[in-house]
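Down below is the structure, laid out as structure tokens.
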Amino acid sequence: MLRHVVDDLYQIGESLPGANGWHEAVRVYVLLNDGNPLIFDSGSHLHAGQIMSRLQELLGDAEPKYVFLTHTELPHTGNISAITQAWPEVRLVVSSGILPHVELPWWVTEDQVRFAYAGSTERYVGREIAFLDGILKDQPGTHWMFDDRTGTLFTADAFGYFFPAEADPTFDDELEDGVPLDWIRQYHASAFRFLPLVSGAKVSEDFARLFARRNVGVLAPTHGNAVRRDVPRFVGKFHNAIHEICQ
Amino acid sequence: MTTTIYGAGATRVGVRRITPQIFWISHSAGDQAAKLNRGFAEDFARVNPGFDPEANDIIYGSYLFLDEKTFLIDTLGPAQHETMLQALGDLLAGRRLDYLWISHTELPHAGNTAAIVRAHPEVQILTVGGHDHYALHGLGDARQLAYGDSVDLGQHTMEVIEPLFVDHALTQWIYEHRTGFLCPVDWALNAQNQHQSFRFMDEMEKAGYSRERFQHDVSITNCVVFPWLRWADPDQIARMIDAFYAKYDIRIFAPSHTNVIRKDVPEYLEALREAMRSVASREFSIVY
């Protein structure tokens, strides 16, 4: 599935059926960036054929220059082999918090990797990408990225949601009342098992600081569709879900 | 101290015997750790005086039980695929590998699952049950275990237990009743310098390490490993740990990223509890 999100941001990816009819999405995002594409995460190895086809369809003759990895778990790095084979010059941008020799496939070479530091903003083929800590994450070496031009926050595992199959290609603004709170709650309760041990108020305080600092117009979670029209409404539901799960 | 070592740097794997039937197979990069791990210890030491500025090495541990049945805990990471297979092959010495238990799906723990299955096609993969979407993590064919499930190896009984501290959702811990062996996976984590590789904790003490140092190190590293602790209540965390200690008689403390603790275990466990209380009390520096 290939969908246009906003401006030069596109979403690719498939989903996986699970128990009780709930599906989990695994998304890849692409900024076309005036012919110098930037890719965010690489999707699951289970969807290699579809993802590579959609990438080639979207990019045409343009060669991606960088793949930004939010973290190194398989649903996020599963296609870096296919991508680097198709475009050998592509470089992987990873968090300075990861140790490549244990967290990336053994064949990845030193010169294929660029490190990014939380708090820094770097220019990649003309596009400024800011790096911040993953506020809500499972793997320690997870970082989030912000593209100021589109206002997109790439949030790795956070802000995902489970959905019934028919909702797979649907953005928040294409659903009558946006993404239902229940979808958001079910996903976060499943993905972040530590949440019942923590204070929901403290979690919300951290997110309030984040949204006070960044003018977020689009949320780009790996395990849900991009939220592109009403981020405050979605975040409000997220807070409600967090408070239901947490103490 | 008898250690069998395979490879060097990124591929380096060492084997130590904990008991006649339990082996510690671990990766640490030794004299290449500072380069491979980009000298993180100096950064840590700058902010946390008392952290060894040369402790750039991190242990990645795997454990093998050689009983009537053989049971491997975790796989080490992709860069160690050849040396891990060599070490495993030498320890098995022609025996079949019956079980491979995956604590959770991150690459340093599960990254060689496919390689081990290719080398030992008879192996049964075991992982945590009760969740969903296992295929995404390459575990679509694994046998799923619930907390409380046991695997009988002969003289040893491996019980899957509920973890106190998780990062990835598909995480479980494991406890062996006869020996009091506990693998709490990512919990703890102390860095080490190149002179401390492959040591049991009591041997670390001979190399200048101490219980106090362990407590200090864990109070720093576990802010990184479990950043969600900044939202937790320190006293509740301490109470949870005490309840866990009361439930399990831990005599061999064998995490994935810590020197194996086989002596003075109660004292180290107390230090660990206080370290975790300290983590949950800290001010975290977050970049928003």
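Ordering of the structure tokens sets the chain letters (A, B, ...); residue numbers start at 1 within each chain; ligands are numbered from 1 in the order shown.
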
Per residue of chain B within 9 Å of chain A, what are the shortest atom pair and its distance in Å to one decimal, counting only C-alpha atoms, with rows by chain and residue number, as JSON lines?
{"residue": "B:Ala10", "atom": "CA", "partner": "A:His101", "partner_atom": "CA", "distance": 6.0}
{"residue": "B:Thr11", "atom": "CA", "partner": "A:His101", "partner_atom": "CA", "distance": 8.7}
{"residue": "B:Leu36", "atom": "CA", "partner": "A:His101", "partner_atom": "CA", "distance": 7.0}
{"residue": "B:Asn37", "atom": "CA", "partner": "A:Leu99", "partner_atom": "CA", "distance": 5.9}
{"residue": "B:Arg38", "atom": "CA", "partner": "A:Leu99", "partner_atom": "CA", "distance": 8.3}
{"residue": "B:Tyr60", "atom": "CA", "partner": "A:Val102", "partner_atom": "CA", "distance": 8.7}
{"residue": "B:Leu76", "atom": "CA", "partner": "A:Val102", "partner_atom": "CA", "distance": 8.0}
{"residue": "B:Gly77", "atom": "CA", "partner": "A:Val102", "partner_atom": "CA", "distance": 5.1}
{"residue": "B:Pro78", "atom": "CA", "partner": "A:Trp106", "partner_atom": "CA", "distance": 5.1}
{"residue": "B:Ala79", "atom": "CA", "partner": "A:Trp106", "partner_atom": "CA", "distance": 4.5}
{"residue": "B:Gln80", "atom": "CA", "partner": "A:Trp106", "partner_atom": "CA", "distance": 8.1}
{"residue": "B:His81", "atom": "CA", "partner": "A:Trp106", "partner_atom": "CA", "distance": 8.4}
{"residue": "B:Thr105", "atom": "CA", "partner": "A:Glu73", "partner_atom": "CA", "distance": 7.6}
{"residue": "B:Glu106", "atom": "CA", "partner": "A:Glu73", "partner_atom": "CA", "distance": 5.8}
{"residue": "B:Leu107", "atom": "CA", "partner": "A:Glu103", "partner_atom": "CA", "distance": 5.6}
{"residue": "B:Pro108", "atom": "CA", "partner": "A:Val102", "partner_atom": "CA", "distance": 5.5}
{"residue": "B:Gly111", "atom": "CA", "partner": "A:Pro105", "partner_atom": "CA", "distance": 8.2}
{"residue": "B:His131", "atom": "CA", "partner": "A:Ser190", "partner_atom": "CA", "distance": 7.6}
{"residue": "B:Asp132", "atom": "CA", "partner": "A:Gly18", "partner_atom": "CA", "distance": 5.9}
{"residue": "B:His133", "atom": "CA", "partner": "A:Gly18", "partner_atom": "CA", "distance": 5.9}
{"residue": "B:Ala135", "atom": "CA", "partner": "A:Leu46", "partner_atom": "CA", "distance": 7.7}
{"residue": "B:Leu136", "atom": "CA", "partner": "A:Pro75", "partner_atom": "CA", "distance": 5.9}
{"residue": "B:His137", "atom": "CA", "partner": "A:Leu74", "partner_atom": "CA", "distance": 5.8}
{"residue": "B:Gly138", "atom": "CA", "partner": "A:Leu74", "partner_atom": "CA", "distance": 7.8}
{"residue": "B:Leu164", "atom": "CA", "partner": "A:Phe194", "partner_atom": "CA", "distance": 8.8}
{"residue": "B:Phe165", "atom": "CA", "partner": "A:Phe194", "partner_atom": "CA", "distance": 7.4}
{"residue": "B:Val166", "atom": "CA", "partner": "A:Phe194", "partner_atom": "CA", "distance": 6.5}
{"residue": "B:Asp167", "atom": "CA", "partner": "A:Asp138", "partner_atom": "CA", "distance": 4.6}
{"residue": "B:His168", "atom": "CA", "partner": "A:Asp138", "partner_atom": "CA", "distance": 4.9}
{"residue": "B:Ala169", "atom": "CA", "partner": "A:Ala191", "partner_atom": "CA", "distance": 5.4}
{"residue": "B:Leu170", "atom": "CA", "partner": "A:Ala191", "partner_atom": "CA", "distance": 8.5}
{"residue": "B:Val224", "atom": "CA", "partner": "A:Pro140", "partner_atom": "CA", "distance": 6.1}
{"residue": "B:Val225", "atom": "CA", "partner": "A:Pro140", "partner_atom": "CA", "distance": 5.4}
{"residue": "B:Phe226", "atom": "CA", "partner": "A:Pro140", "partner_atom": "CA", "distance": 7.0}
{"residue": "B:Pro227", "atom": "CA", "partner": "A:Pro140", "partner_atom": "CA", "distance": 7.3}
{"residue": "B:Trp228", "atom": "CA", "partner": "A:Phe194", "partner_atom": "CA", "distance": 7.4}
{"residue": "B:Leu229", "atom": "CA", "partner": "A:Val198", "partner_atom": "CA", "distance": 7.4}
{"residue": "B:Arg230", "atom": "CA", "partner": "A:Val198", "partner_atom": "CA", "distance": 8.4}
{"residue": "B:Trp231", "atom": "CA", "partner": "A:Val198", "partner_atom": "CA", "distance": 5.1}
{"residue": "B:Ala232", "atom": "CA", "partner": "A:Val198", "partner_atom": "CA", "distance": 4.5}
{"residue": "B:Asp233", "atom": "CA", "partner": "A:Val198", "partner_atom": "CA", "distance": 7.2}
{"residue": "B:Gln236", "atom": "CA", "partner": "A:Leu197", "partner_atom": "CA", "distance": 8.7}
{"residue": "B:Ile237", "atom": "CA", "partner": "A:Leu197", "partner_atom": "CA", "distance": 8.5}
{"residue": "B:Ile286", "atom": "CA", "partner": "A:Asp133", "partner_atom": "CA", "distance": 6.3}
{"residue": "B:Val287", "atom": "CA", "partner": "A:Leu132", "partner_atom": "CA", "distance": 5.3}
{"residue": "B:Tyr288", "atom": "CA", "partner": "A:Leu210", "partner_atom": "CA", "distance": 5.0}

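Near B:Met204, within 12 Å and counting only C-alpha atoms, sit B:Met1, B:Asn190, B:Ala191, B:Gln192, B:Asn193, B:Gln194, B:His195, B:Gln196, B:Ser197, B:Phe198, B:Arg199, B:Tyr209, B:Ser210, B:Arg211, B:Arg213, B:Phe214, B:Thr258, B:Asn259, B:Val260, B:Ile261, B:Arg262, B:Lys263, not including residues fewer than 5 positions from it in the same chain.
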
Export of the given selection (C-alpha atoms) as a tab-separated table (two decimals), in the first residue's frame:
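Result file is again.tsv:
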chain	number	residue	atom	x	y	z
B	1	MET	CA	39.83	-19.02	35.83
B	190	ASN	CA	27.28	-3.36	34.59
B	191	ALA	CA	29.92	-2.23	32.13
B	192	GLN	CA	33.45	-3.58	32.39
B	193	ASN	CA	36.92	-2.67	31.21
B	194	GLN	CA	39.07	-4.82	28.96
B	195	HIS	CA	40.80	-6.48	31.92
B	196	GLN	CA	37.55	-7.77	33.39
B	197	SER	CA	36.21	-9.91	30.53
B	198	PHE	CA	34.47	-13.21	31.19
B	199	ARG	CA	34.81	-12.99	34.97
B	209	TYR	CA	35.36	-4.31	41.48
B	210	SER	CA	32.93	-4.28	44.43
B	211	ARG	CA	29.31	-4.57	45.44
B	213	ARG	CA	30.53	-0.31	42.46
B	214	PHE	CA	27.92	-2.68	41.07
B	258	THR	CA	26.07	-8.70	33.96
B	259	ASN	CA	28.90	-10.82	35.30
B	260	VAL	CA	27.36	-14.00	36.68
B	261	ILE	CA	26.88	-13.72	40.44
B	262	ARG	CA	27.41	-17.06	42.18
B	263	LYS	CA	28.76	-15.95	45.59

Need to verify the contact set: stretch 172-187 of chain B, 10 Å, only C-alpha atoms, exclusion of same-chain residues closer than 6 positions in sequence. Can you return it as a short mmCIF file (atom, residue, chain, number, x, y, z; two decimals) with C-alpha atoms, in the first residue's frame?
data_model
loop_
_atom_site.label_atom_id
_atom_site.label_comp_id
_atom_site.auth_asym_id
_atom_site.auth_seq_id
_atom_site.Cartn_x
_atom_site.Cartn_y
_atom_site.Cartn_z
CA THR B 19 28.24 -25.69 37.31
CA ILE B 22 25.45 -24.95 33.20
CA TYR B 60 25.97 -10.13 26.00
CA GLY B 61 25.18 -13.42 27.67
CA SER B 62 23.76 -16.73 26.66
CA TYR B 63 23.49 -19.87 28.83
CA ILE B 73 19.05 -19.38 26.59
CA ASP B 74 19.30 -16.69 23.87
CA TRP B 101 14.52 -20.25 24.60
CA ILE B 102 14.28 -16.66 23.39
CA SER B 103 13.98 -14.17 26.25
CA HIS B 104 12.91 -11.40 23.90
CA HIS B 109 19.29 -11.88 22.24
CA THR B 127 9.21 -17.98 23.53
CA VAL B 128 6.75 -15.97 25.56
CA GLY B 129 3.09 -16.63 24.87
CA LEU B 145 5.00 -20.55 26.80
CA ALA B 146 2.91 -18.98 29.53
CA TYR B 147 4.23 -17.79 32.88
CA GLY B 148 4.45 -20.80 35.16
CA ASP B 149 5.09 -23.26 32.34
CA SER B 150 8.03 -25.58 32.98
CA VAL B 151 10.40 -27.50 30.77
CA ASP B 152 11.86 -30.60 32.38
CA GLN B 155 17.81 -32.89 36.77
CA HIS B 156 16.88 -29.29 35.99
CA THR B 157 13.44 -27.76 35.60
CA MET B 158 13.22 -24.47 33.74
CA GLU B 159 10.24 -22.36 34.76
CA VAL B 160 9.15 -19.40 32.70
CA ILE B 161 8.37 -16.53 35.04
CA GLU B 162 6.84 -13.10 34.75
CA PRO B 163 9.49 -10.40 34.42
CA LEU B 164 9.65 -7.43 36.77
CA PHE B 165 11.40 -5.17 34.32
CA VAL B 166 10.74 -5.26 30.59
CA VAL B 218 23.42 -0.28 37.76
CA THR B 221 22.98 2.02 33.26
CA ASN B 222 19.41 1.08 34.12
CA VAL B 225 17.91 0.27 29.85
CA PHE B 226 14.53 1.02 31.46
CA TYR B 248 12.37 -17.08 44.32
CA ASP B 249 15.40 -18.57 46.06
CA ILE B 250 18.07 -17.07 43.83
CA ARG B 251 21.48 -18.72 44.14
CA ILE B 252 22.92 -18.09 40.67
CA PHE B 253 22.06 -14.64 39.31
CA ALA B 254 22.68 -14.84 35.57
CA PRO B 255 21.47 -11.82 33.58
CA SER B 256 22.22 -11.14 29.95
CA HIS B 257 24.46 -8.14 30.56
CA THR B 258 26.07 -8.70 33.96
CA VAL B 260 27.36 -14.00 36.68
CA ILE B 261 26.88 -13.72 40.44
CA ARG B 262 27.41 -17.06 42.18
CA LEU B 272 20.55 -4.25 43.04
CA MET B 276 16.72 0.34 41.14
#

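Rounded to one decimal, atom CA of B:Leu139 and atom CA of A:Thr77 lie 15.6 Å from each other.
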
Residues within 12 Å of B:Leu153, only C-alpha atoms, excluding chain neighbours under 6 positions, as a count of residues only: 18

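Comparing A:Phe234, A:Tyr161, A:Phe146, A:Phe154 by their smallest distance to A:Val28, the closest is A:Phe154 (using only C-alpha atoms).
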
Selection: 7 Å around A:Thr121, only C-alpha atoms, excl. self and same-chain fewer than 4 positions, as a list in words: Glu128, Ile129, Ala130 and Phe131 of chain A

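Straight-line separation from atom CA of A:Thr109 to atom CA of B:Ile59: 21.8 Å.
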
Residues flagged strand (DSSP E) by DSSP in stretch 157-225 of chain A, as a CSV table (one decimal) with C-alpha atoms, in the first residue's frame:
chain,number,residue,atom,x,y,z
A,163,PHE,CA,-7.4,-1.7,13.8
A,164,PRO,CA,-9.8,-4.0,12.0
A,218,VAL,CA,1.8,15.0,11.5
A,219,LEU,CA,2.5,12.0,13.6
A,220,ALA,CA,4.2,9.2,11.8

Atomic separation - atom CA of A:Gly13 relative to atom CA of A:Phe68, Å: 15.8 Å

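Proximity ranking of A:Asn225, A:Thr70, A:Gln186, A:Asn79 relative to A:Ala48 places A:Asn79 first, based on only C-alpha atoms.
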
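Between A:Arg91 and the residues A:Leu38, A:Val216, A:Leu175, A:Val30, the shortest atom-to-atom distance, using only C-alpha atoms, involves A:Leu38.
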
Members of stretch 97-247 of chain A assigned helix (DSSP H, G or I) by DSSP, as number ranges by chain: A: 100-103, 110-112, 165-167, 172-174, 181-191, 195-197, 200-213, 231-245
